[in-house]
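Asks: Questions regarding the structure given below will be posed in turn.
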Amino acid sequence: MKRSLLVHLLLFLMFFLFSCKGKHFGDNGKTVFRYNESAGITSLDPAFARNQANIWAVNQLFNGLVQLNDTLKPIPCIAKSWTISADGLTYTFSLRNDVYFHDSEIFKGGKGRKVTAYDVAYSFNRITDPALASPGGWIFTQVSKNGNQYAYNALNDSCFRIVLSEPFPPFLGLLSMQYCSVVPKEAIEKYGNDFRQHPVGTGPFRLKLWKEGVKLVMVKNENYFEQENGKRLPYLDAIAVTFIVDKQSAFLEFVKGNLDFMSGIDASYKDELLTRSGELNTKYRNRICLIKRPYLNTEYLGILVDPSFPVMKNNPMRFRAIRQAMNYSFDRVKMMRYLRNNIGIPGVSGFVPEGLPWFDQKAVKGYDYDPVKARELLASAGFPGGKGLPPITLTTNASYLDLCKYIQSQLNEAGFNILIDVSPPATLREMIAQSKVAFFRGSWIADYPDAENYLSLFYSLNFCPDGPNYTHYSNPAFDKLYQKAIMELNDSIRGNLYSQMDKLMMADAPVLVLYYDQVLRFTGKSISGLGCNPLNLLNLKRVKKFQND
């Protein structure tokens, strides 16, 4: 009897092991995707999805009219289709009829109700309401207004219309931002400001638990409307987010297999995980996958080119030849290899980074390392060998001191006398906005996926502090191209205009482009379907988690 029982047990175990091979697994038989958010999450309300931590969580819980694919082109979401009028002013959206809000106590019987175009209008009115003070209100700057009333409205349950004051081709990309997520009026009326802790959306996951600073758990929305190959999304059963502040500790949890995903890399473990060339170290290749993609972030040094400011008085950088010489004087390829383990792409093209639709970065030529050309330009400006050049101060924050010291060394070899001033980040931002520094470290991460977002930094009507033109660059030819581009509805023609603008600005050299950043994502071998786009948006609805062989 005992022998027979033991045989049966062995057979059962063998059947269980073989039947489970390759299938999903997780906590208590569930597939749970675990990641850490060291920066913490401050709100689950899409109206306050301002930073990456909040955006990632909100993206699992909510949807908007449109979404972006991995090439950053707008595709349907709650809206199944749309039309744009010939003049580029009127956008009309037809909504799906199978989108429901999450099941919640706010609805009769606890069952989520169908989303209508009136919910979209309510959500947009909420974002633009000054009383809410949402940082996303600027999205609707292009929308026509009559007094305080924006020109968008629900025509019926399934049709929504928006009218712009002037054509703005990137507008669909703006509508894909998490600020524009659709929320139910009932939830806002019940929870008020506490909606941040009680989110009710339409997304692939719904909130299960959030203990701030400790753990966040989101579970599968069984009624989610999107499908893939005939199967309803999402594939995961749950998402668990921890909030370990120390990045070294979080890295150790990932290596031990207690986290499934890690984004970016910290200096504390950079050389442990990556080779000098930016690849995974050999000892991790059998259990970790690395995803590397372009990221819409340009790192640069900016120059205040307007000679009317006190800091530019007698400053040699007011001469274009000097700015060009500075650009030729340092080796960006070597800088990336030795200081960043090749994380990023050397900035030898224009200001607009790789990864944007309808823009060919390779069509724009920037500056390679050419010390001979640098010396020639110095001589042509009246400073042969750098003789007579006054000191130039580069202002940065401590996080970028290593890069700035490298550039200082190389420019000094070329004949410059570069000094470095280190300021706190907030102080530096304020000084740049008030045009109190002549030479400064800056970066620009795209708000929306269009090259206009980068080139607007050099449009003369955008001078800081009212706009993002921190260099006070002004060129009538550039401005004319800019005005033409934002009125052009043909994507390929607009892309060509963008390239012309980038070339023109780079020739004037108000910036030294350092590098175009990259997204680095690390996952365990059990994860598939994660994907990645140049906005570094975390999208988990197509992720699968399997048992490792």
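Labels used: A, B, ... for chains in the order of the structure tokens, numbers from 1 for residues in each chain, and numbers from 1 for ligands as shown.
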Near Asp271 in chain A, within 9 Å and counting only C-alpha atoms, which residues show up once chain neighbours fewer than 5 positions away are dropped, as a ChimeraX atom specification?

Replies: /A:276,281,341

Asks: Any chance you could export the current selection's C-alpha atoms as an mmCIF file, in the first residue's frame?

Replies:
data_model
loop_
_atom_site.group_PDB
_atom_site.id
_atom_site.type_symbol
_atom_site.label_atom_id
_atom_site.label_comp_id
_atom_site.auth_asym_id
_atom_site.auth_seq_id
_atom_site.Cartn_x
_atom_site.Cartn_y
_atom_site.Cartn_z
ATOM 1 C CA ARG A 276 33.020 49.335 -21.174
ATOM 2 C CA ASN A 281 28.861 41.490 -18.435
ATOM 3 C CA ASN A 341 29.963 52.899 -20.959
#

Asks: Can you pull out every residue within 10 Å of Pro310 in chain A, counting only C-alpha atoms, but drop anything in the same chain fewer than 4 positions away, and send it as a list in words?

Replies: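 Within the cut-off, the hits are Asp306, Asn314, Asn315, Ser435, Lys436, Val437 and Ala438 of chain A.
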
Asks: Distance CA of Asp360 in chain A-CA of Asn475 in chain A, one decimal place?

Replies: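 Calculated distance between CA of Asp360 in chain A and CA of Asn475 in chain A is 22.4 Å.
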
Asks: Do you know which residues are at most 8 Å from Arg441 in chain A counting only C-alpha atoms, after dropping those on the same chain fewer than 4 positions away, and could you put them as a PDB file with C-alpha atoms, in the first residue's frame?

Replies:
ATOM      1  CA  GLU A 299      22.068  66.459 -23.409  1.00  0.00           C
ATOM      2  CA  TYR A 300      23.889  69.651 -24.352  1.00  0.00           C
ATOM      3  CA  LEU A 301      25.826  72.716 -23.288  1.00  0.00           C
ATOM      4  CA  GLY A 302      23.964  75.931 -24.019  1.00  0.00           C
ATOM      5  CA  LEU A 394      30.843  76.659 -17.603  1.00  0.00           C
ATOM      6  CA  THR A 395      28.059  76.341 -15.001  1.00  0.00           C
ATOM      7  CA  THR A 396      26.782  72.864 -14.157  1.00  0.00           C
ATOM      8  CA  ASN A 397      25.449  70.776 -11.285  1.00  0.00           C
TER       9      ASN A 397
END

Asks: Please identify which residues in range 352-453 of chain A DSSP calls helix (DSSP H, G or I) from the backbone, and express them as a ChimeraX atom specification.

Replies: /A:361-363,371-380,384-386,398-414,425-433,452-453

Asks: Can you pull out the residues contacting Tyr482 in chain A? Cut-off 8 Å, using only C-alpha atoms, and skip same-chain residues under 2 positions away; I want them as a PyMOL selection string.

Replies: chain A and resi 455+459+478-480+484-486+497-498+501

Asks: Would you mind listing what lies within 9 Å of range 510-516 of chain A as a PyMOL selection string, with only C-alpha atoms counted and same-chain residues fewer than 4 positions away left out?

Replies: chain A and resi 294-305+320+323-324+326-327+332+335-336+344-354+366-367+458+471-473+505-506

Asks: Report as a list in words all protein, DNA and RNA residues lying within 6 Å of range 523-535 of chain A, evaluated on only C-alpha atoms, omitting residues in the same chain fewer than 6 positions from it.

Replies: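 Final neighbour list, sorted by chain and number: Asp70, Asp260, Phe261, Arg287, Ile288, Cys289, Pro294, Tyr295, Leu296, Gly355, Arg542, Val543, Lys544, Lys545, Phe546, Gln547 and Asn548 of chain A.
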
Asks: Using only C-alpha atoms, pick whichever of A:Ile418, A:Cys404, A:Leu428, A:Ile84 has the shortest atom-to-atom distance to Arg161 in chain A.

Replies: A:Ile84

Asks: Residues near range 99-109 of chain A, anyone? I mean within 8 Å using only C-alpha atoms, not counting same-chain ones fewer than 2 positions away, as a JSON list (two decimals) with C-alpha atoms, in the first residue's frame.

Replies:
[["chain", "number", "residue", "atom", "x", "y", "z"],
["A", 78, "ILE", "CA", -10.77, 54.67, -26.66],
["A", 96, "ARG", "CA", -15.54, 52.44, -29.29],
["A", 97, "ASN", "CA", -18.70, 51.06, -27.73],
["A", 111, "LYS", "CA", -20.31, 47.31, -12.07],
["A", 112, "GLY", "CA", -18.29, 49.70, -14.24],
["A", 113, "ARG", "CA", -20.39, 51.60, -16.78],
["A", 114, "LYS", "CA", -19.72, 52.27, -20.46],
["A", 115, "VAL", "CA", -17.53, 55.23, -21.40],
["A", 184, "PRO", "CA", -15.59, 59.13, -14.49],
["A", 186, "GLU", "CA", -18.85, 59.86, -10.26],
["A", 187, "ALA", "CA", -15.36, 59.09, -8.90],
["A", 190, "LYS", "CA", -17.15, 60.97, -4.44],
["A", 200, "VAL", "CA", -11.02, 54.57, -11.40],
["A", 201, "GLY", "CA", -10.10, 54.31, -15.05],
["A", 202, "THR", "CA", -10.46, 52.05, -18.07],
["A", 203, "GLY", "CA", -6.92, 50.67, -18.19],
["A", 206, "ARG", "CA", -7.06, 48.36, -11.64],
["A", 221, "ASN", "CA", -8.94, 44.32, -15.40],
["A", 223, "ASN", "CA", -13.19, 43.58, -18.67],
["A", 224, "TYR", "CA", -10.42, 45.31, -20.61],
["A", 225, "PHE", "CA", -11.38, 46.06, -24.21]]

Asks: With only C-alpha atoms as the basis for distance, which of A:Ser165, A:Ser329, A:Ser158, A:Ser380 is at the shortest distance from Thr141 in chain A?

Replies: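 Using only C-alpha atoms, Thr141 in chain A sits closest to A:Ser165.
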